[in-house]
Each structure stands twice: as structure tokens, then as C-alpha cells.
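*Asks:* One file is attached below, my_file.pdb, containing PDB, C-alpha atoms.
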```pdb
MODEL        1
ATOM      1  CA  MET E  85      21.710   5.067  14.720
ATOM      2  CA  THR E  86      18.942   2.491  14.680
ATOM      3  CA  ARG E  87      17.818   0.492  11.735
ATOM      4  CA  GLU E  88      14.700   2.593  11.370
ATOM      5  CA  SER E  89      16.069   6.136  11.687
ATOM      6  CA  VAL E  90      17.435   6.993   8.237
ATOM      7  CA  ARG E  91      15.389   9.734   6.569
ATOM      8  CA  ALA E  92      15.441  10.962   2.996
ATOM      9  CA  THR E  93      18.324  13.353   2.415
ATOM     10  CA  GLY E  94      17.904  17.109   2.064
ATOM     11  CA  ASN E  95      14.565  18.858   1.812
ATOM     12  CA  LEU E  96      11.846  16.223   2.046
ATOM     13  CA  PHE E  97       9.933  17.917  -0.761
ATOM     14  CA  SER E  98      12.928  17.949  -3.120
ATOM     15  CA  TYR E  99      12.527  14.773  -5.142
ATOM     16  CA  ARG E 100      15.520  13.294  -6.904
ATOM     17  CA  THR E 101      15.073  11.774 -10.341
ATOM     18  CA  SER E 102      15.824   8.381  -8.798
ATOM     19  CA  ASP E 103      12.990   8.867  -6.279
ATOM     20  CA  ILE E 104      10.473   9.529  -9.035
ATOM     21  CA  LEU E 105      11.709   6.652 -11.172
ATOM     22  CA  LEU E 106      11.597   4.234  -8.254
ATOM     23  CA  ALA E 107       8.061   5.208  -7.269
ATOM     24  CA  ALA E 108       6.974   4.987 -10.909
ATOM     25  CA  THR E 109       8.578   1.565 -11.320
ATOM     26  CA  ILE E 110       6.727   0.261  -8.265
ATOM     27  CA  ALA E 111       3.496   1.725  -9.625
ATOM     28  CA  VAL E 112       3.848   0.223 -13.099
ATOM     29  CA  ALA E 113       4.773  -3.199 -11.744
ATOM     30  CA  PHE E 114       1.801  -3.279  -9.402
ATOM     31  CA  GLY E 115      -0.558  -1.866 -11.997
ATOM     32  CA  VAL E 116       0.121  -4.979 -14.069
ATOM     33  CA  ILE E 117       0.006  -7.247 -11.016
ATOM     34  CA  PHE E 118      -3.324  -5.763  -9.993
ATOM     35  CA  ARG E 119      -4.841  -6.640 -13.344
ATOM     36  CA  GLY E 120      -4.000 -10.281 -12.688
ATOM     37  CA  TYR E 121      -4.957 -10.043  -9.033
ATOM     38  CA  GLY E 122      -8.411  -8.886 -10.072
ATOM     39  CA  VAL E 123      -8.850 -12.166 -11.946
ATOM     40  CA  PHE E 124      -7.596 -14.082  -8.889
ATOM     41  CA  TYR E 125     -10.119 -12.113  -6.807
ATOM     42  CA  ASP E 126     -12.935 -13.339  -9.049
ATOM     43  CA  VAL E 127     -11.701 -16.942  -8.953
ATOM     44  CA  LEU E 128     -11.796 -16.927  -5.157
ATOM     45  CA  ASP E 129     -15.224 -15.266  -4.970
ATOM     46  CA  PRO E 130     -17.115 -18.588  -4.584
ATOM     47  CA  VAL E 131     -14.941 -19.434  -1.577
ATOM     48  CA  PHE E 132     -16.396 -16.482   0.311
ATOM     49  CA  LYS E 133     -20.054 -17.146  -0.510
ATOM     50  CA  GLY E 134     -20.671 -18.638   2.921
ATOM     51  CA  PHE E 135     -19.602 -15.425   4.644
ATOM     52  CA  PRO E 136     -18.993 -12.672   2.069
ATOM     53  CA  PRO E 137     -17.138 -10.237   4.400
ATOM     54  CA  LEU E 138     -14.198 -12.654   4.291
ATOM     55  CA  VAL E 139     -13.378 -11.155   0.889
ATOM     56  CA  GLY E 140     -11.826  -8.315   2.884
ATOM     57  CA  LEU E 141      -8.867 -10.573   3.648
ATOM     58  CA  LEU E 142      -7.601  -9.948   0.106
ATOM     59  CA  THR E 143      -7.566  -6.156   0.391
ATOM     60  CA  GLY E 144      -4.087  -5.518   1.789
ATOM     61  CA  ILE E 145      -2.338  -6.390  -1.461
ATOM     62  CA  TRP E 146      -4.062  -3.480  -3.207
ATOM     63  CA  CYS E 147      -2.342  -1.058  -0.788
ATOM     64  CA  LEU E 148       1.209  -2.357  -1.263
ATOM     65  CA  PRO E 149       2.434   0.147  -3.886
ATOM     66  CA  ALA E 150       1.709   3.047  -1.548
ATOM     67  CA  LEU E 151       3.483   1.421   1.373
ATOM     68  CA  LEU E 152       6.509   0.291  -0.620
ATOM     69  CA  ALA E 153       7.001   3.723  -2.180
ATOM     70  CA  GLY E 154       6.489   5.394   1.183
ATOM     71  CA  LEU E 155       8.956   3.159   3.010
ATOM     72  CA  ILE E 156      11.625   3.400   0.318
ATOM     73  CA  VAL E 157      11.407   6.979  -0.995
ATOM     74  CA  ARG E 158      10.378   8.498   2.363
ATOM     75  CA  ARG E 159       9.154  11.784   0.938
ATOM     76  CA  PRO E 160       5.677  13.359   1.147
ATOM     77  CA  GLY E 161       3.465  12.299  -1.728
ATOM     78  CA  ALA E 162       5.384   9.188  -2.776
ATOM     79  CA  ALA E 163       2.729   6.839  -1.397
ATOM     80  CA  VAL E 164      -0.178   8.605  -3.080
ATOM     81  CA  PHE E 165       1.736   8.930  -6.357
ATOM     82  CA  ALA E 166       2.598   5.237  -6.551
ATOM     83  CA  GLU E 167      -0.886   4.062  -5.600
ATOM     84  CA  VAL E 168      -2.706   6.380  -8.005
ATOM     85  CA  VAL E 169      -0.427   5.511 -10.925
ATOM     86  CA  ALA E 170      -0.794   1.792 -10.184
ATOM     87  CA  ALA E 171      -4.578   2.197 -10.061
ATOM     88  CA  SER E 172      -4.544   4.153 -13.323
ATOM     89  CA  ILE E 173      -2.582   1.434 -15.079
ATOM     90  CA  GLU E 174      -4.917  -1.238 -13.753
ATOM     91  CA  ALA E 175      -7.893   0.737 -15.059
ATOM     92  CA  LEU E 176      -6.243   1.275 -18.458
ATOM     93  CA  LEU E 177      -5.588  -2.456 -18.712
ATOM     94  CA  GLY E 178      -9.284  -3.137 -18.318
ATOM     95  CA  GLY E 179      -9.605  -3.674 -14.588
ATOM     96  CA  LYS E 180     -13.149  -4.590 -13.545
ATOM     97  CA  TRP E 181     -13.662  -1.561 -11.276
ATOM     98  CA  ALA E 182     -12.892   1.006 -14.013
ATOM     99  CA  LEU E 183     -12.751   4.599 -12.693
ATOM    100  CA  GLY E 184     -13.621   3.390  -9.204
ATOM    101  CA  THR E 185     -10.079   2.070  -9.141
ATOM    102  CA  LEU E 186      -8.767   5.646  -9.176
ATOM    103  CA  ILE E 187     -10.876   6.591  -6.163
ATOM    104  CA  SER E 188      -9.488   3.566  -4.361
ATOM    105  CA  GLY E 189      -5.956   4.529  -5.354
ATOM    106  CA  VAL E 190      -6.300   7.994  -3.857
ATOM    107  CA  LEU E 191      -7.814   6.721  -0.614
ATOM    108  CA  GLN E 192      -5.356   3.875  -0.159
ATOM    109  CA  GLY E 193      -2.419   6.183  -0.821
ATOM    110  CA  LEU E 194      -3.737   8.775   1.624
ATOM    111  CA  GLY E 195      -4.063   6.173   4.363
ATOM    112  CA  VAL E 196      -0.371   5.339   4.124
ATOM    113  CA  GLU E 197       0.619   8.973   3.645
ATOM    114  CA  ILE E 198      -1.155  10.152   6.789
ATOM    115  CA  VAL E 199       0.579   7.639   9.042
ATOM    116  CA  LEU E 200       4.010   8.490   7.618
ATOM    117  CA  ALA E 201       3.232  12.208   7.947
ATOM    118  CA  VAL E 202       2.335  11.776  11.624
ATOM    119  CA  THR E 203       5.846  10.445  12.189
ATOM    120  CA  GLY E 204       7.336  13.362  10.241
ATOM    121  CA  TYR E 205       8.601  10.858   7.650
ATOM    122  CA  ALA E 206      11.188   9.888  10.237
ATOM    123  CA  LEU E 207      10.053   6.505  11.553
ATOM    124  CA  PHE E 208       9.697   3.416   9.404
ATOM    125  CA  THR E 209       9.386   0.562  11.875
ATOM    126  CA  LEU E 210       7.228  -2.514  11.472
ATOM    127  CA  PRO E 211       4.516  -1.040  13.754
ATOM    128  CA  VAL E 212       4.421   2.110  11.602
ATOM    129  CA  ALA E 213       4.148   0.009   8.434
ATOM    130  CA  ALA E 214       1.375  -2.054  10.014
ATOM    131  CA  ALA E 215      -0.498   1.089  11.072
ATOM    132  CA  ALA E 216      -0.131   2.537   7.566
ATOM    133  CA  GLY E 217      -1.489  -0.647   6.021
ATOM    134  CA  ALA E 218      -4.390  -0.666   8.463
ATOM    135  CA  LEU E 219      -5.387   2.974   7.881
ATOM    136  CA  SER E 220      -5.109   2.493   4.128
ATOM    137  CA  THR E 221      -7.678  -0.302   4.283
ATOM    138  CA  VAL E 222      -9.929   1.685   6.630
ATOM    139  CA  PHE E 223     -10.061   4.485   4.057
ATOM    140  CA  GLU E 224     -10.800   1.951   1.337
ATOM    141  CA  TRP E 225     -13.579   0.424   3.434
ATOM    142  CA  CYS E 226     -15.206   3.846   3.821
ATOM    143  CA  TYR E 227     -15.544   3.922   0.035
ATOM    144  CA  GLU E 228     -16.402   0.287  -0.668
ATOM    145  CA  ARG E 229     -18.958  -0.014   2.124
ATOM    146  CA  PHE E 230     -21.239   2.369   0.272
ATOM    147  CA  ALA E 231     -20.062   1.969  -3.329
ATOM    148  CA  TYR E 232     -20.168  -1.834  -3.483
ATOM    149  CA  TYR E 233     -21.747  -3.180  -0.308
ATOM    150  CA  GLY E 234     -24.510  -0.691   0.450
ATOM    151  CA  GLU E 235     -27.121  -3.426   0.763
ATOM    152  CA  TRP E 236     -25.217  -5.301   3.450
ATOM    153  CA  SER E 237     -26.302  -5.319   7.082
ATOM    154  CA  ASN E 238     -24.248  -3.412   9.641
ATOM    155  CA  PHE E 239     -22.944  -6.714  10.984
ATOM    156  CA  TRP E 240     -21.595  -7.747   7.613
ATOM    157  CA  GLY E 241     -20.326  -4.229   6.944
ATOM    158  CA  PHE E 242     -18.310  -3.997  10.144
ATOM    159  CA  SER E 243     -17.137  -7.593   9.750
ATOM    160  CA  LEU E 244     -15.797  -6.512   6.367
ATOM    161  CA  LEU E 245     -13.971  -3.640   8.074
ATOM    162  CA  GLY E 246     -12.361  -6.062  10.518
ATOM    163  CA  PHE E 247     -11.102  -8.276   7.705
ATOM    164  CA  PHE E 248      -9.916  -5.220   5.784
ATOM    165  CA  VAL E 249      -7.810  -4.129   8.743
ATOM    166  CA  ILE E 250      -6.379  -7.608   9.335
ATOM    167  CA  SER E 251      -5.390  -7.786   5.687
ATOM    168  CA  GLY E 252      -3.963  -4.263   5.788
ATOM    169  CA  VAL E 253      -1.767  -5.117   8.744
ATOM    170  CA  VAL E 254      -0.559  -8.469   7.377
ATOM    171  CA  LEU E 255      -0.623  -8.325   3.555
ATOM    172  CA  CYS E 256       0.338  -4.660   3.348
ATOM    173  CA  GLY E 257       2.156  -3.686   6.545
ATOM    174  CA  VAL E 258       4.062  -6.818   7.512
ATOM    175  CA  LEU E 259       4.623  -8.075   3.963
ATOM    176  CA  GLY E 260       5.578  -4.623   2.666
ATOM    177  CA  HIS E 261       8.053  -4.025   5.472
ATOM    178  CA  ALA E 262       9.612  -7.445   4.895
ATOM    179  CA  LEU E 263       9.902  -6.822   1.143
ATOM    180  CA  VAL E 264      11.719  -3.532   1.713
ATOM    181  CA  LYS E 265      14.147  -5.214   4.107
ATOM    182  CA  ALA E 266      14.764  -8.030   1.652
ATOM    183  CA  LEU E 267      15.380  -5.629  -1.236
ATOM    184  CA  ALA E 268      17.737  -3.554   0.890
ATOM    185  CA  ALA E 269      19.730  -6.679   1.737
ATOM    186  CA  THR E 270      20.331  -7.340  -1.968
ATOM    187  CA  GLY E 271      21.897  -3.922  -2.493
ATOM    188  CA  ALA E 272      19.132  -2.820  -4.872
ATOM    189  CA  LEU E 273      18.177   0.083  -2.594
ATOM    190  CA  ASN E 274      21.642   1.444  -1.780
ATOM    191  CA  GLN E 275      20.655   4.846  -3.236
ATOM    192  CA  PHE E 276      17.703   5.057  -0.867
ATOM    193  CA  PRO E 277      17.304   5.292   2.923
ATOM    194  CA  PRO E 278      16.506   1.575   3.490
ATOM    195  CA  GLY E 279      19.707   0.646   1.671
ATOM    196  CA  ARG E 280      21.726   3.039   3.810
ATOM    197  CA  GLU E 281      20.115   1.581   6.920
ATOM    198  CA  HIS E 282      21.142  -1.894   5.870
ATOM    199  CA  LEU E 283      24.721  -0.858   5.120
ATOM    200  CA  ALA E 284      25.021   1.027   8.408
ATOM    201  CA  ASN E 285      23.884  -1.961  10.425
ATOM    202  CA  ARG E 286      25.758  -4.792   8.728
TER     203      ARG E 286
ENDMDL
END
```
Since I need it in another form, could you write the structure as C-alpha cells?
*Replies:*
Amino acid sequence: MTRESVRATGNLFSYRTSDILLAATIAVAFGVIFRGYGVFYDVLDPVFKGFPPLVGLLTGIWCLPALLAGLIVRRPGAAVFAEVVAASIEALLGGKWALGTLISGVLQGLGVEIVLAVTGYALFTLPVAAAAGALSTVFEWCYERFAYYGEWSNFWGFSLLGFFVISGVVLCGVLGHALVKALAATGALNQFPPGREHLANR
């Protein structure tokens, strides 16, 4: 058995209470983090004035709840659930994008969900995590390009897409995969597939 082969036990659609609680915990934590990250986003805005599409480099963090829930719970819907709940909490806390945050949550969660679904929720390697992070940001770009950056030229718009994808791969895919591995090593995920992977390969 390889490090990446442990699937969720039983019927993939049969959620355990611990699965729901874990996904909800991730969502709540990131909902609060996102509220602060939105402020950080505004603080850095002047840095990107010279070439505004660079703001896309910050996007990957917004997709992390979906990836973390998907990589840990490994059941259909976990990624979308965590991302939408996190977005809802951010909105309730007064996030600057209001209801637009919920649209972003759905799209970002779907991006991760689709990649995991293509693998049959059976492969959770770094390349899969990176692909999930990338697709999540592509979906988000499809929304933001017209909702927030409609006046931009095609050059700036597609430059933004490039930075979105880079951020999705690095700040969501690579960072998210590393966080799951680190948590598994502490024993905190022993009830979940990543924890069993870690124990099986010690």
C-alpha cells in the first residue's frame, strides 16, 4: 500500500459524524481566517498597483478549506461543504465581498471536488492536490473576471488567470497537501484516511 492509496471507509456517501465535524471545523476556522485575510488583501493592494493582475497570487489561500476537507475526509461533497460554510461565515462576519463570497465558495469547492471525483476519490497525491488547487482558481477566475474585472483588457485578464493558477498550485495545492501530511504526523488525523496512511508507512 502506498502513502496515497487509503480511501474513506465504507460507502463513500455515508458520512460519519466525525467527517461532518471535521469538515465543519475546517470551515469555521477558515471563515474567521478569511475575514482577517480580506484585510491583509486590502493592505497589499497598493503593492499591486503597478501591475494589478499580480493580485491573483493571493487567491490560492481562499481555496484551502475545500482542499483540506477533500484530502482529509475523502468523500463526495466534503470540499464544497467546507468551502461554502467558510464563505458563509466570512460573509456573516462582514467580509467585503458580501454575497459574492458565497458564489466564490461554491465555485472554489467545485473545482476541488471535480478533480477528486475524476480520481474516484482514490488518489490524493501532491499532483492531484496541485491540480485541484489549480482548477479551483480557474473556476474562481471565471467569476471574478466578469464580476470584478470586467473593464480589464484581455491581456490583463489572462495574466490574472495565470497568477490565479500559480497561486492555486502553490498556496492551495502544495501548501494544503503539506498541511495534511503535517497534521497526520501529529496523530490528529488517526480517525481519517491520512492518519491511517501515516501509521501504515511509519
*Asks:* Starting from the displayed file, determine the output of the PyMOL selection byres ((chain E and resi 190) around 9) and express the residue list as a PyMOL selection string.
*Replies:* chain E and resi 164-165+167-168+171+185-189+191-195
*Asks:* Using all atoms listed in the file, which protein or nucleic acid residues come within 12 Å of segment 98-103 of chain E? Drop anything in the same chain fewer than 2 positions from it, and give the result as a compact mmCIF listing (two decimals) with C-alpha atoms, in the coordinates of the input.
*Replies:*
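Output saved as out.txt:
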```txt
# COMPACT_ATOMS: atom_id res chain seq x y z
CA ALA E 92 15.44 10.96 3.00
CA THR E 93 18.32 13.35 2.42
CA GLY E 94 17.90 17.11 2.06
CA ASN E 95 14.56 18.86 1.81
CA LEU E 96 11.85 16.22 2.05
CA LEU E 105 11.71 6.65 -11.17
CA LEU E 106 11.60 4.23 -8.25
CA ALA E 107 8.06 5.21 -7.27
CA ALA E 108 6.97 4.99 -10.91
CA THR E 109 8.58 1.56 -11.32
CA ILE E 110 6.73 0.26 -8.26
CA ALA E 153 7.00 3.72 -2.18
CA GLY E 154 6.49 5.39 1.18
CA LEU E 155 8.96 3.16 3.01
CA ILE E 156 11.62 3.40 0.32
CA VAL E 157 11.41 6.98 -1.00
CA ARG E 158 10.38 8.50 2.36
CA ARG E 159 9.15 11.78 0.94
CA PRO E 160 5.68 13.36 1.15
CA GLY E 161 3.46 12.30 -1.73
CA ALA E 162 5.38 9.19 -2.78
CA ALA E 163 2.73 6.84 -1.40
CA PHE E 165 1.74 8.93 -6.36
CA ALA E 166 2.60 5.24 -6.55
CA LEU E 273 18.18 0.08 -2.59
CA ASN E 274 21.64 1.44 -1.78
CA GLN E 275 20.66 4.85 -3.24
CA PHE E 276 17.70 5.06 -0.87
CA PRO E 277 17.30 5.29 2.92
```
*Asks:* Which neighbours of Phe124 of chain E fall inside 12 Å, counting only C-alpha atoms, when residues of the same chain fewer than 6 positions from it are skipped, and could you give them as a ChimeraX atom specification?
*Replies:* /E:117-118,130-131,139,142,145,180
*Asks:* May I have a table of the residues of segment 179-214 of chain E lying at most 10 Å from segment 251-265 of chain E, giving each one's closest pair of atoms and their distance in Å to one decimal, counting only C-alpha atoms, ordered by chain and ascending residue number, as a Markdown table?
*Replies:*
```
| residue | atom | partner | partner_atom | distance |
| --- | --- | --- | --- | --- |
| E:Val196 | CA | E:Gly257 | CA | 9.7 |
| E:Phe208 | CA | E:His261 | CA | 8.6 |
| E:Thr209 | CA | E:His261 | CA | 8.0 |
| E:Leu210 | CA | E:His261 | CA | 6.2 |
| E:Pro211 | CA | E:Gly257 | CA | 8.0 |
| E:Val212 | CA | E:Gly257 | CA | 8.0 |
| E:Ala213 | CA | E:Gly257 | CA | 4.6 |
| E:Ala214 | CA | E:Gly257 | CA | 3.9 |
```
*Asks:* For Phe248 of chain E, which of E:Phe114, E:Phe223, E:Phe135, E:Phe97 is the closest residue, counting only C-alpha atoms?
*Replies:* E:Phe223
*Asks:* Closest to Tyr121 of chain E among E:Gly234, E:Gly144, E:Gly246, E:Pro136, using all atoms listed in the file?
*Replies:* E:Gly144
*Asks:* Counting all atoms listed in the file, which residue out of E:Ala284, E:Ala266, E:Val112, E:Val123 sits closest to Gly179 of chain E?
*Replies:*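 Closest candidate: E:Val123.
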*Asks:* What is the atom CA of Leu283 of chain E-atom CA of Val199 of chain E distance in Å, reported with one decimal?
*Replies:*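 Taking atom CA of Leu283 of chain E and atom CA of Val199 of chain E, their separation equals 25.9 Å.
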*Asks:* Could you jot down the atom CA of Glu197 of chain E to atom CA of Gly279 of chain E separation for me, Å, one decimal place?
*Replies:*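 Computed distance, atom CA of Glu197 of chain E to atom CA of Gly279 of chain E, equals 20.9 Å.
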*Asks:* At what distance in Å, to one decimal, does atom CA of Leu138 of chain E lie from atom CA of Tyr233 of chain E?
*Replies:*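 So the two atoms, atom CA of Tyr233 of chain E and atom CA of Leu138 of chain E, lie 13.0 Å apart.
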*Asks:* Can I get segment 97-121 of chain E with N, CA and C atoms filled in, as a compact mmCIF listing (two decimals), in the coordinates of the input?
*Replies:*
```
# COMPACT_ATOMS: atom_id res chain seq x y z
N PHE E 97 10.76 17.65 0.41
CA PHE E 97 9.93 17.92 -0.76
C PHE E 97 10.75 18.02 -2.05
N SER E 98 12.07 17.87 -1.94
CA SER E 98 12.93 17.95 -3.12
C SER E 98 13.20 16.54 -3.64
N TYR E 99 12.39 16.12 -4.58
CA TYR E 99 12.53 14.77 -5.14
C TYR E 99 13.74 14.69 -6.07
N ARG E 100 14.47 13.61 -5.94
CA ARG E 100 15.52 13.29 -6.90
C ARG E 100 14.89 12.54 -8.07
N THR E 101 15.57 12.54 -9.20
CA THR E 101 15.07 11.77 -10.34
C THR E 101 14.92 10.30 -9.97
N SER E 102 15.87 9.79 -9.19
CA SER E 102 15.82 8.38 -8.80
C SER E 102 14.61 8.09 -7.92
N ASP E 103 14.18 9.05 -7.11
CA ASP E 103 12.99 8.87 -6.28
C ASP E 103 11.75 8.70 -7.15
N ILE E 104 11.63 9.57 -8.15
CA ILE E 104 10.47 9.53 -9.04
C ILE E 104 10.46 8.24 -9.85
N LEU E 105 11.62 7.87 -10.36
CA LEU E 105 11.71 6.65 -11.17
C LEU E 105 11.39 5.41 -10.35
N LEU E 106 11.86 5.40 -9.11
CA LEU E 106 11.60 4.23 -8.25
C LEU E 106 10.12 4.12 -7.94
N ALA E 107 9.49 5.23 -7.56
CA ALA E 107 8.06 5.21 -7.27
C ALA E 107 7.26 4.82 -8.51
N ALA E 108 7.67 5.32 -9.67
CA ALA E 108 6.97 4.99 -10.91
C ALA E 108 7.14 3.51 -11.27
N THR E 109 8.32 2.98 -11.03
CA THR E 109 8.58 1.56 -11.32
C THR E 109 7.70 0.67 -10.45
N ILE E 110 7.60 1.01 -9.17
CA ILE E 110 6.73 0.26 -8.26
C ILE E 110 5.29 0.33 -8.77
N ALA E 111 4.87 1.52 -9.17
CA ALA E 111 3.50 1.72 -9.62
C ALA E 111 3.19 0.91 -10.87
N VAL E 112 4.07 0.95 -11.85
CA VAL E 112 3.85 0.22 -13.10
C VAL E 112 3.80 -1.28 -12.83
N ALA E 113 4.73 -1.77 -12.05
CA ALA E 113 4.77 -3.20 -11.74
C ALA E 113 3.48 -3.66 -11.08
N PHE E 114 3.01 -2.88 -10.10
CA PHE E 114 1.80 -3.28 -9.40
C PHE E 114 0.54 -3.03 -10.23
N GLY E 115 0.58 -2.06 -11.11
CA GLY E 115 -0.56 -1.87 -12.00
C GLY E 115 -0.82 -3.12 -12.82
N VAL E 116 0.24 -3.73 -13.30
CA VAL E 116 0.12 -4.98 -14.07
C VAL E 116 -0.29 -6.13 -13.15
N ILE E 117 0.35 -6.19 -11.98
CA ILE E 117 0.01 -7.25 -11.02
C ILE E 117 -1.46 -7.16 -10.62
N PHE E 118 -1.94 -5.94 -10.40
CA PHE E 118 -3.32 -5.76 -9.99
C PHE E 118 -4.30 -6.29 -11.03
N ARG E 119 -3.95 -6.14 -12.29
CA ARG E 119 -4.84 -6.64 -13.34
C ARG E 119 -5.01 -8.15 -13.19
N GLY E 120 -3.92 -8.84 -12.91
CA GLY E 120 -4.00 -10.28 -12.69
C GLY E 120 -4.65 -10.63 -11.36
N TYR E 121 -4.40 -9.80 -10.36
CA TYR E 121 -4.96 -10.04 -9.03
C TYR E 121 -6.47 -9.91 -9.05
```
